[in-house]
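The next block is upload-v3.txt, given as compact mmCIF, C-alpha atoms and all ligand atoms.
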# COMPACT_ATOMS: atom_id res chain seq x y z
CA MET A 93 73.10 105.58 97.13
CA PRO A 94 76.80 106.20 97.60
CA ARG A 95 78.48 103.93 100.11
CA PRO A 96 79.55 105.86 103.22
CA LYS A 97 83.29 106.11 103.52
CA LYS A 98 84.71 104.00 106.29
CA LYS A 99 87.20 105.49 108.69
CA GLU A 100 89.99 103.15 107.65
CA GLU A 101 89.68 104.18 104.03
CA ALA A 102 89.95 107.85 104.87
CA GLU A 103 93.14 107.62 106.90
CA VAL A 104 95.79 105.98 104.84
CA GLU A 105 98.69 104.92 106.95
CA VAL A 106 102.09 104.96 105.29
CA VAL A 107 103.75 101.62 105.93
CA GLU A 108 106.78 100.07 104.40
CA THR A 109 106.15 97.27 101.96
CA PRO A 110 107.75 93.97 102.91
CA ASP A 111 110.25 94.51 100.07
CA GLN A 112 111.35 97.90 101.37
CA ALA A 113 111.75 96.47 104.85
CA ALA A 114 113.63 93.42 103.57
CA GLY A 115 116.09 95.71 101.80
CA LYS A 116 117.41 96.71 105.19
CA GLY A 117 118.60 93.18 105.81
CA ASP A 118 122.07 93.99 104.51
CA LEU A 119 122.61 96.85 106.96
CA ASP A 120 125.50 96.48 109.38
CA VAL A 121 124.51 95.14 112.82
CA GLU A 122 125.74 98.41 114.31
CA GLU A 123 122.91 100.21 112.55
CA LEU A 124 120.53 98.63 115.05
CA GLU A 125 119.57 100.73 118.00
CA GLY A 126 121.31 99.51 121.14
CA ILE A 127 124.30 97.92 119.39
CA GLY A 128 127.49 99.86 119.86
CA LYS A 129 130.97 99.30 118.46
CA VAL A 130 132.02 96.75 121.08
CA THR A 131 128.94 94.55 120.81
CA GLY A 132 128.99 94.95 117.05
CA GLN A 133 132.57 93.73 116.93
CA LYS A 134 131.81 90.71 119.12
CA LEU A 135 128.87 89.75 116.94
CA LYS A 136 130.89 90.07 113.74
CA GLU A 137 133.68 87.93 115.14
CA ARG A 138 131.10 85.18 115.49
CA GLY A 139 129.66 85.58 112.01
CA TYR A 140 126.74 87.96 112.59
CA TYR A 141 127.41 90.86 110.22
CA THR A 142 124.03 92.12 109.13
CA VAL A 143 120.59 92.88 110.49
CA ARG A 144 119.37 89.85 108.55
CA ASP A 145 121.82 87.56 110.35
CA LEU A 146 120.44 88.74 113.67
CA ALA A 147 116.81 88.51 112.63
CA PHE A 148 117.21 84.80 111.96
CA ALA A 149 119.44 84.00 114.93
CA SER A 150 118.28 82.22 118.05
CA ALA A 151 118.36 84.04 121.38
CA LYS A 152 120.66 81.40 122.79
CA GLU A 153 123.30 81.88 120.11
CA ILE A 154 123.35 85.63 120.64
CA ALA A 155 123.24 85.33 124.42
CA ASP A 156 126.36 83.14 124.22
CA ILE A 157 128.13 86.03 122.51
CA ILE A 158 126.91 89.05 124.44
CA GLY A 159 126.29 87.39 127.80
CA SER A 160 122.69 88.38 128.40
CA GLU A 161 119.67 86.41 127.27
CA GLU A 162 117.34 89.34 127.82
CA ARG A 163 119.42 91.69 125.73
CA ALA A 164 119.81 89.02 123.05
CA GLU A 165 116.03 88.80 122.76
CA GLN A 166 115.73 92.57 122.50
CA ILE A 167 118.33 92.75 119.75
CA ILE A 168 116.74 89.95 117.74
CA GLU A 169 113.33 91.52 118.14
CA ALA A 170 114.69 94.88 116.96
CA ALA A 171 116.25 93.22 113.90
CA ARG A 172 113.04 91.36 113.07
CA SER A 173 111.00 94.46 113.51
CA MET A 174 113.30 96.42 111.17
CA LEU A 175 112.76 93.75 108.52
CA GLY A 176 109.01 93.68 109.06
CA LEU A 177 109.16 90.09 110.28
CA SER A 178 107.65 90.40 113.70
CA ASN A 179 104.05 91.27 112.99
CA PHE A 180 101.07 89.36 111.75
CA ILE A 181 100.36 89.73 108.08
CA THR A 182 97.20 88.83 106.18
CA ALA A 183 96.82 85.59 104.28
CA LEU A 184 96.66 87.69 101.12
CA GLU A 185 100.18 88.97 101.79
CA VAL A 186 101.33 85.40 102.43
CA TYR A 187 99.77 84.45 99.12
CA LYS A 188 101.46 87.33 97.30
CA LYS A 189 104.79 86.31 98.79
CA ARG A 190 104.25 82.75 97.62
CA VAL A 191 103.36 83.89 94.10
CA ASN A 192 106.78 85.58 94.02
CA ILE A 193 108.64 82.45 95.07
CA LYS A 194 111.15 81.52 92.43
CA ARG A 195 111.64 77.97 91.28
CA ILE A 196 114.47 76.08 89.65
CA SER A 197 113.22 73.80 86.91
CA THR A 198 114.41 70.21 87.20
CA GLY A 199 114.69 70.07 83.42
CA VAL A 200 112.13 67.26 83.39
CA ARG A 201 108.56 68.19 82.53
CA SER A 202 106.93 65.47 84.63
CA LEU A 203 109.06 66.33 87.67
CA ASP A 204 108.36 70.04 87.30
CA GLU A 205 104.64 69.30 87.17
CA LEU A 206 104.99 67.23 90.32
CA LEU A 207 106.73 70.17 92.01
CA ASN A 208 104.43 72.89 90.65
CA GLY A 209 107.19 74.30 88.48
CA GLY A 210 110.41 73.17 90.12
CA VAL A 211 112.41 73.28 93.32
CA GLU A 212 111.44 76.25 95.49
CA THR A 213 113.76 78.93 96.76
CA GLY A 214 113.33 79.80 100.43
CA ALA A 215 112.70 76.16 101.31
CA VAL A 216 114.52 72.93 102.06
CA THR A 217 113.73 70.08 99.67
CA GLU A 218 114.72 66.57 100.68
CA VAL A 219 115.39 63.90 98.08
CA ALA A 220 115.26 60.43 99.57
CA GLY A 221 115.82 57.06 97.98
CA GLU A 222 117.82 53.86 97.89
CA PHE A 223 121.31 53.58 96.48
CA GLY A 224 121.26 54.23 92.74
CA ALA A 225 117.83 55.86 92.78
CA GLY A 226 119.21 59.02 91.17
CA LYS A 227 119.57 61.41 94.13
CA THR A 228 123.07 62.53 93.18
CA GLN A 229 122.10 62.88 89.52
CA PHE A 230 119.16 65.05 90.58
CA CYS A 231 121.54 67.34 92.52
CA HIS A 232 124.00 67.59 89.62
CA GLN A 233 121.17 68.49 87.27
CA LEU A 234 119.88 71.26 89.55
CA ALA A 235 123.39 72.69 89.87
CA VAL A 236 123.31 73.11 86.08
CA MET A 237 119.65 74.16 85.75
CA VAL A 238 120.00 77.01 88.26
CA GLN A 239 122.50 78.63 85.90
CA LEU A 240 120.09 78.89 82.98
CA PRO A 241 118.19 82.12 82.35
CA GLU A 242 114.68 82.37 83.77
CA ASP A 243 112.96 81.72 80.44
CA LYS A 244 114.77 78.37 80.33
CA GLY A 245 113.82 77.39 83.85
CA GLY A 246 116.86 78.66 85.77
CA LEU A 247 117.61 81.71 87.87
CA SER A 248 120.82 82.91 86.14
CA ALA A 249 122.58 82.04 89.37
CA LYS A 250 125.30 79.84 90.87
CA ALA A 251 125.29 76.79 93.12
CA ILE A 252 127.13 75.50 96.18
CA TYR A 253 127.65 71.75 96.42
CA ILE A 254 128.58 70.10 99.73
CA ASP A 255 129.55 66.51 98.98
CA THR A 256 129.78 64.07 101.87
CA GLU A 257 130.12 60.80 99.94
CA ASN A 258 132.64 61.82 97.30
CA THR A 259 130.18 61.23 94.48
CA PHE A 260 130.32 64.66 92.83
CA ARG A 261 131.55 64.30 89.24
CA PRO A 262 132.51 67.43 87.29
CA GLU A 263 132.43 65.33 84.10
CA ARG A 264 128.75 64.78 84.70
CA ILE A 265 128.23 68.53 85.06
CA THR A 266 129.91 69.17 81.72
CA GLN A 267 127.71 66.56 80.02
CA MET A 268 124.55 68.07 81.46
CA ALA A 269 125.70 71.63 80.73
CA ARG A 270 126.41 70.81 77.09
CA ALA A 271 123.00 69.20 76.73
CA ARG A 272 121.46 72.49 77.96
CA GLY A 273 123.51 74.72 75.70
CA LEU A 274 125.80 76.05 78.45
CA ASP A 275 129.56 76.44 78.14
CA PRO A 276 130.87 73.47 80.17
CA ASP A 277 133.82 75.37 81.67
CA GLN A 278 131.62 78.26 82.70
CA ALA A 279 129.11 75.82 84.19
CA LEU A 280 131.88 74.32 86.35
CA LYS A 281 133.07 77.77 87.44
CA ASN A 282 129.57 78.58 88.64
CA ILE A 283 129.57 75.73 91.17
CA TYR A 284 131.39 76.13 94.48
CA TYR A 285 132.35 72.67 95.66
CA ALA A 286 133.46 71.31 99.03
CA ARG A 287 133.93 67.79 100.29
CA ALA A 288 132.76 67.33 103.90
CA TYR A 289 134.90 64.89 105.86
CA SER A 290 132.83 64.62 109.04
CA SER A 291 129.57 65.84 110.48
CA ASP A 292 131.40 68.68 112.25
CA HIS A 293 133.10 69.66 109.02
CA GLN A 294 129.78 69.52 107.22
CA MET A 295 128.31 71.97 109.72
CA ILE A 296 131.27 74.32 109.35
CA LEU A 297 130.87 74.18 105.57
CA ALA A 298 127.22 75.16 105.91
CA GLU A 299 128.35 78.26 107.80
CA GLN A 300 130.96 79.02 105.14
CA ALA A 301 128.30 78.55 102.49
CA ARG A 302 126.30 81.26 104.22
CA GLN A 303 129.23 83.66 103.87
CA ILE A 304 129.56 82.90 100.15
CA ILE A 305 125.82 83.27 99.61
CA LYS A 306 126.02 86.79 101.04
CA GLN A 307 128.68 87.78 98.55
CA ASP A 308 127.73 85.94 95.40
CA ASN A 309 124.65 85.22 93.37
CA ILE A 310 123.88 81.76 94.78
CA LYS A 311 120.38 80.34 94.45
CA LEU A 312 121.04 76.66 95.15
CA LEU A 313 122.75 74.93 98.06
CA VAL A 314 123.12 71.15 97.79
CA VAL A 315 124.05 68.83 100.65
CA ASP A 316 124.56 65.32 99.27
CA SER A 317 124.01 63.44 101.59
CA ILE A 318 122.84 65.17 104.71
CA VAL A 319 122.78 62.15 107.02
CA ALA A 320 125.63 59.87 105.96
CA HIS A 321 128.27 61.25 108.36
CA PHE A 322 125.81 61.56 111.22
CA ARG A 323 124.74 57.95 110.85
CA ALA A 324 128.32 56.70 110.61
CA GLU A 325 129.61 58.72 113.58
CA PHE A 326 126.69 58.10 115.93
CA PRO A 327 125.68 54.48 115.45
CA GLY A 328 123.14 52.63 117.51
CA ARG A 329 120.38 53.63 119.86
CA GLU A 330 122.73 54.80 122.59
CA ASN A 331 123.96 57.64 120.36
CA LEU A 332 120.62 58.49 118.84
CA ALA A 333 119.78 61.45 121.06
CA GLU A 334 123.12 63.15 120.48
CA ARG A 335 122.99 62.49 116.77
CA GLN A 336 119.49 63.88 116.41
CA GLN A 337 120.40 66.95 118.42
CA LYS A 338 123.32 67.73 116.13
CA LEU A 339 121.36 66.96 113.00
CA ASN A 340 118.59 69.20 114.27
CA LYS A 341 121.02 72.10 114.59
CA HIS A 342 122.39 71.46 111.10
CA ILE A 343 118.95 71.39 109.53
CA ALA A 344 117.92 74.51 111.42
CA ASP A 345 121.02 76.25 110.01
CA LEU A 346 120.07 75.18 106.50
CA LEU A 347 116.47 76.31 106.93
CA LYS A 348 117.71 79.71 108.07
CA ILE A 349 119.94 80.01 105.02
CA ALA A 350 117.03 79.11 102.73
CA ASP A 351 114.75 81.57 104.44
CA ALA A 352 117.12 84.48 104.95
CA TYR A 353 118.75 84.47 101.51
CA ASP A 354 115.96 83.02 99.39
CA VAL A 355 118.08 80.09 98.33
CA ALA A 356 116.80 76.64 97.33
CA VAL A 357 118.39 74.13 99.71
CA VAL A 358 118.36 70.55 98.43
CA VAL A 359 119.50 67.71 100.66
CA THR A 360 119.63 64.01 99.90
CA ASN A 361 118.74 61.31 102.35
CA GLN A 362 119.24 57.59 102.50
CA VAL A 363 116.39 55.24 103.12
CA MET A 364 116.64 52.41 105.57
CA ALA A 365 114.73 49.23 106.21
CA GLN A 366 112.38 49.16 109.15
CA PRO A 367 112.57 45.57 110.35
CA ASP A 368 109.35 45.91 112.34
CA VAL A 369 107.10 46.91 109.46
CA PHE A 370 105.08 44.05 107.96
CA PHE A 371 102.44 46.01 106.07
CA GLY A 372 103.03 48.88 103.68
CA ASN A 373 106.44 50.22 102.73
CA PRO A 374 109.20 48.65 104.81
CA LEU A 375 111.61 51.45 103.81
CA LYS A 376 111.68 54.89 105.32
CA PRO A 377 113.99 57.89 105.05
CA ALA A 378 116.78 58.07 107.61
CA GLY A 379 117.15 61.00 109.93
CA GLY A 380 113.91 60.41 111.79
CA ASN A 381 111.60 63.17 112.87
CA VAL A 382 114.28 65.82 112.69
CA LEU A 383 114.37 65.65 108.92
CA ALA A 384 110.67 65.00 108.63
CA HIS A 385 109.97 68.30 110.37
CA GLY A 386 112.91 70.22 108.94
CA ALA A 387 112.40 69.67 105.23
CA THR A 388 109.63 71.66 103.62
CA TYR A 389 109.27 69.28 100.69
CA ARG A 390 110.18 65.63 100.51
CA ILE A 391 110.66 63.70 97.29
CA TRP A 392 111.05 59.94 97.20
CA LEU A 393 112.92 58.44 94.24
CA ARG A 394 112.84 54.78 93.37
CA LYS A 395 114.18 52.61 90.62
CA SER A 396 112.01 51.13 87.93
CA LYS A 397 113.35 49.06 85.05
CA GLU A 398 116.65 50.03 83.41
CA ASN A 399 117.19 53.79 83.48
CA ILE A 400 113.62 54.67 84.44
CA ARG A 401 112.99 56.24 87.82
CA ILE A 402 109.82 57.15 89.71
CA ALA A 403 109.50 60.22 91.91
CA LYS A 404 106.82 60.78 94.49
CA ILE A 405 106.16 63.71 96.79
CA PHE A 406 105.35 62.88 100.36
CA ASP A 407 104.57 64.93 103.48
CA SER A 408 104.04 68.12 101.45
CA PRO A 409 101.91 70.86 102.98
CA TYR A 410 100.17 71.45 99.66
CA HIS A 411 101.22 69.05 96.92
CA PRO A 412 98.96 66.05 96.40
CA GLU A 413 100.73 62.69 96.65
CA ARG A 414 101.40 62.18 92.95
CA GLU A 415 104.06 60.31 91.05
CA ALA A 416 106.20 61.21 88.05
CA THR A 417 108.40 59.10 85.83
CA PHE A 418 111.72 60.17 84.34
CA LYS A 419 114.89 58.70 82.84
CA ILE A 420 118.57 59.05 83.63
CA THR A 421 120.55 59.42 80.41
CA GLU A 422 123.89 60.77 79.21
CA GLU A 423 122.24 64.23 79.00
CA GLY A 424 121.05 64.01 82.58
CA LEU A 425 117.51 63.65 83.87
CA THR A 426 114.97 63.65 81.02
CA ASP A 427 111.30 62.93 80.39
P1 LIG B 501 122.01 57.78 94.33
O1 LIG B 501 122.72 59.09 94.57
O2 LIG B 501 120.56 57.84 94.59
O3 LIG B 501 122.67 56.62 94.99
P2 LIG B 501 122.85 58.29 91.62
O4 LIG B 501 122.27 59.64 91.53
O5 LIG B 501 124.30 58.16 91.79
O6 LIG B 501 122.11 57.47 92.78
O7 LIG B 501 122.34 57.53 90.34
C1 LIG B 501 123.05 56.51 89.80
C2 LIG B 501 122.39 56.18 88.47
O8 LIG B 501 122.67 57.19 87.51
C3 LIG B 501 122.93 54.89 87.95
O9 LIG B 501 121.81 54.06 87.62
C4 LIG B 501 123.69 55.28 86.69
O10 LIG B 501 123.49 54.37 85.69
C5 LIG B 501 123.07 56.60 86.31
N1 LIG B 501 124.07 57.41 85.62
C6 LIG B 501 125.14 58.00 86.16
N2 LIG B 501 125.89 58.60 85.21
C7 LIG B 501 125.29 58.37 84.04
C8 LIG B 501 125.57 58.72 82.68
N3 LIG B 501 126.65 59.42 82.34
N4 LIG B 501 124.70 58.30 81.74
C9 LIG B 501 123.62 57.59 82.08
N5 LIG B 501 123.31 57.22 83.31
C10 LIG B 501 124.11 57.61 84.29
MG MG B 502 124.32 59.58 95.76

Please lay out the structure from this file as structure tokens.
Ligand code: ADP
Ligand code: MG
Amino acid sequence: MPRPKKKEEAEVEVVETPDQAAGKGDLDVEELEGIGKVTGQKLKERGYYTVRDLAFASAKEIADIIGSEERAEQIIEAARSMLGLSNFITALEVYKKRVNIKRISTGVRSLDELLNGGVETGAVTEVAGEFGAGKTQFCHQLAVMVQLPEDKGGLSAKAIYIDTENTFRPERITQMARARGLDPDQALKNIYYARAYSSDHQMILAEQARQIIKQDNIKLLVVDSIVAHFRAEFPGRENLAERQQKLNKHIADLLKIADAYDVAVVVTNQVMAQPDVFFGNPLKPAGGNVLAHGATYRIWLRKSKENIRIAKIFDSPYHPEREATFKITEEGLTD
């Protein structure tokens, strides 16, 4: 017996696919209903150029610019709705979106396996570890790997490197590039570099990074290290609240960049001793809960003998807590 046709099957509604909707992200803010020339100008002066910028803004930021919280909420809602971001979607659509997530290979088989293929775009990955654990080497390697074509694990794209500790070494990039068959000079040209001199400067650079990402083919943003300036400038318990508030804003900015522009954001973090822990691991990543909640994926690196290092994923929403071993050599990170 033929199955009776259900009503929903008969009436096919024409809806935009998420991709079609997302394509509108680059439209000028003035294309949004309710935004005229004057408001548009004010928004652009403060760095909000496109519908996408507004969709990922907070009501408070926009209210500061246009003077009305209510109107700010309406504008943001309109932008989100234009991009198809404001409605519920099915878990199947979430799954399809995740299948399309692009990854940057680390260049190390064991690490890629640990990360289900590499470092994800659209997410913030935190790399924590003690001094010398290989965090900076990991960042250098990714800045090279992202440039490779997709069949070699990259995304044929460029990187931005924000360096807070003055440990970026172009020589290291050329070594790693050569080992991967890239032209060393070209590899250096494909990395935008800035040294951050303070936590405020670091936050300004994140905003400038956003502007570059809009204009160029950037798929990796590195902040090495995310917490060093914050810890140095706000020492002690008495400054903790202010420090965490600022760090929170910085991480929120980075998450928005990852999400809005489908960029892999990789930040490094120091680990510190917890004097009050007697059982288990006495070390823990700095940055407290702000980083714990802000980073989507967290990798812990630790030293083993000689040039061997061990990586472990912790706090991941879906990776099991596994470990991987790799080496740091002249060529970079290897199996
Ligand atoms: P972290 O950022 O976690 O403090 P790094 O990423 O700077 O640590 O890692 C430092 C390690 O990388 C050192 O053990 C050093 O021997 C190794 N390393 C750096 N450059 C090279 C190289 N050219 N060849 C081999 N090992 C290197
Ligand atoms: Mg380092």

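Each of A:Phe418, A:Phe406, A:Tyr187, A:Tyr140 was compared to ligand LIG 501 (chain B) using all atoms listed in the file, and A:Phe418 turns out to be the nearest.
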
Using only C-alpha atoms and all ligand atoms, find each residue in chain A having at least one atom no more than 6 Å away from ligand LIG 501 (chain B); report its shortest atom-to-atom pair and that distance in Å (one decimal), rows by chain then rising number, as JSON lines.
{"residue": "A:Gly221", "atom": "CA", "partner": "B:LIG501", "partner_atom": "O2", "distance": 5.9}
{"residue": "A:Glu222", "atom": "CA", "partner": "B:LIG501", "partner_atom": "O2", "distance": 5.9}
{"residue": "A:Phe223", "atom": "CA", "partner": "B:LIG501", "partner_atom": "O3", "distance": 3.6}
{"residue": "A:Gly224", "atom": "CA", "partner": "B:LIG501", "partner_atom": "O6", "distance": 3.3}
{"residue": "A:Ala225", "atom": "CA", "partner": "B:LIG501", "partner_atom": "O2", "distance": 3.8}
{"residue": "A:Gly226", "atom": "CA", "partner": "B:LIG501", "partner_atom": "O4", "distance": 3.1}
{"residue": "A:Lys227", "atom": "CA", "partner": "B:LIG501", "partner_atom": "O2", "distance": 3.7}
{"residue": "A:Thr228", "atom": "CA", "partner": "B:LIG501", "partner_atom": "O4", "distance": 3.4}
{"residue": "A:Gln229", "atom": "CA", "partner": "B:LIG501", "partner_atom": "O4", "distance": 3.8}
{"residue": "A:Ile420", "atom": "CA", "partner": "B:LIG501", "partner_atom": "N5", "distance": 5.1}
{"residue": "A:Thr421", "atom": "CA", "partner": "B:LIG501", "partner_atom": "C9", "distance": 3.9}
{"residue": "A:Glu422", "atom": "CA", "partner": "B:LIG501", "partner_atom": "N4", "distance": 3.6}

Which protein, DNA or RNA residues have an atom at most 12 Å from (121.7, 89.7, 119.5), counting all atoms listed in the file? List them as a short mmCIF file (atom, residue, chain, number, x, y, z; two decimals) with C-alpha atoms, in the frame of the given file.
data_model
loop_
_atom_site.label_atom_id
_atom_site.label_comp_id
_atom_site.auth_asym_id
_atom_site.auth_seq_id
_atom_site.Cartn_x
_atom_site.Cartn_y
_atom_site.Cartn_z
CA VAL A 121 124.51 95.14 112.82
CA GLU A 122 125.74 98.41 114.31
CA LEU A 124 120.53 98.63 115.05
CA GLU A 125 119.57 100.73 118.00
CA GLY A 126 121.31 99.51 121.14
CA ILE A 127 124.30 97.92 119.39
CA GLY A 128 127.49 99.86 119.86
CA THR A 131 128.94 94.55 120.81
CA GLY A 132 128.99 94.95 117.05
CA GLN A 133 132.57 93.73 116.93
CA LYS A 134 131.81 90.71 119.12
CA LEU A 135 128.87 89.75 116.94
CA LYS A 136 130.89 90.07 113.74
CA ARG A 138 131.10 85.18 115.49
CA GLY A 139 129.66 85.58 112.01
CA TYR A 140 126.74 87.96 112.59
CA TYR A 141 127.41 90.86 110.22
CA THR A 142 124.03 92.12 109.13
CA VAL A 143 120.59 92.88 110.49
CA ARG A 144 119.37 89.85 108.55
CA ASP A 145 121.82 87.56 110.35
CA LEU A 146 120.44 88.74 113.67
CA ALA A 147 116.81 88.51 112.63
CA PHE A 148 117.21 84.80 111.96
CA ALA A 149 119.44 84.00 114.93
CA SER A 150 118.28 82.22 118.05
CA ALA A 151 118.36 84.04 121.38
CA LYS A 152 120.66 81.40 122.79
CA GLU A 153 123.30 81.88 120.11
CA ILE A 154 123.35 85.63 120.64
CA ALA A 155 123.24 85.33 124.42
CA ASP A 156 126.36 83.14 124.22
CA ILE A 157 128.13 86.03 122.51
CA ILE A 158 126.91 89.05 124.44
CA GLY A 159 126.29 87.39 127.80
CA SER A 160 122.69 88.38 128.40
CA GLU A 161 119.67 86.41 127.27
CA GLU A 162 117.34 89.34 127.82
CA ARG A 163 119.42 91.69 125.73
CA ALA A 164 119.81 89.02 123.05
CA GLU A 165 116.03 88.80 122.76
CA GLN A 166 115.73 92.57 122.50
CA ILE A 167 118.33 92.75 119.75
CA ILE A 168 116.74 89.95 117.74
CA GLU A 169 113.33 91.52 118.14
CA ALA A 170 114.69 94.88 116.96
CA ALA A 171 116.25 93.22 113.90
CA ARG A 172 113.04 91.36 113.07
#

So that each row is one residue of chain A with an atom at most 12 Å from ligand MG 502 (chain B), can you give its shortest atom pair and the distance in Å to one decimal, using all atoms listed in the file, rows by chain and rising number, as a Markdown table?
| residue | atom | partner | partner_atom | distance |
| --- | --- | --- | --- | --- |
| A:Val219 | CA | B:MG502 | MG | 10.2 |
| A:Ala220 | CA | B:MG502 | MG | 9.9 |
| A:Gly221 | CA | B:MG502 | MG | 9.1 |
| A:Glu222 | CA | B:MG502 | MG | 8.9 |
| A:Phe223 | CA | B:MG502 | MG | 6.8 |
| A:Gly224 | CA | B:MG502 | MG | 6.9 |
| A:Ala225 | CA | B:MG502 | MG | 8.1 |
| A:Gly226 | CA | B:MG502 | MG | 6.9 |
| A:Lys227 | CA | B:MG502 | MG | 5.3 |
| A:Thr228 | CA | B:MG502 | MG | 4.1 |
| A:Gln229 | CA | B:MG502 | MG | 7.4 |
| A:Phe230 | CA | B:MG502 | MG | 9.1 |
| A:Cys231 | CA | B:MG502 | MG | 8.9 |
| A:His232 | CA | B:MG502 | MG | 10.1 |
| A:Asp255 | CA | B:MG502 | MG | 9.3 |
| A:Thr256 | CA | B:MG502 | MG | 9.3 |
| A:Glu257 | CA | B:MG502 | MG | 7.3 |
| A:Asn258 | CA | B:MG502 | MG | 8.8 |
| A:Thr259 | CA | B:MG502 | MG | 6.2 |
| A:Phe260 | CA | B:MG502 | MG | 8.4 |
| A:Arg261 | CA | B:MG502 | MG | 10.8 |
| A:Val314 | CA | B:MG502 | MG | 11.8 |
| A:Val315 | CA | B:MG502 | MG | 10.5 |
| A:Asp316 | CA | B:MG502 | MG | 6.7 |
| A:Ser317 | CA | B:MG502 | MG | 7.0 |
| A:Ile318 | CA | B:MG502 | MG | 10.7 |
| A:Val319 | CA | B:MG502 | MG | 11.7 |
| A:Ala320 | CA | B:MG502 | MG | 10.3 |
| A:Val359 | CA | B:MG502 | MG | 10.6 |
| A:Thr360 | CA | B:MG502 | MG | 7.7 |
| A:Asn361 | CA | B:MG502 | MG | 8.8 |
| A:Gln362 | CA | B:MG502 | MG | 8.7 |
| A:Val363 | CA | B:MG502 | MG | 11.7 |
| A:Leu393 | CA | B:MG502 | MG | 11.6 |

Nearby residues (all atoms listed in the file) at most 9 Å from Glu423 in chain A, same-chain spacing under 2 positions excluded, as a ChimeraX atom specification: /A:264,267-272,420-421,425-426
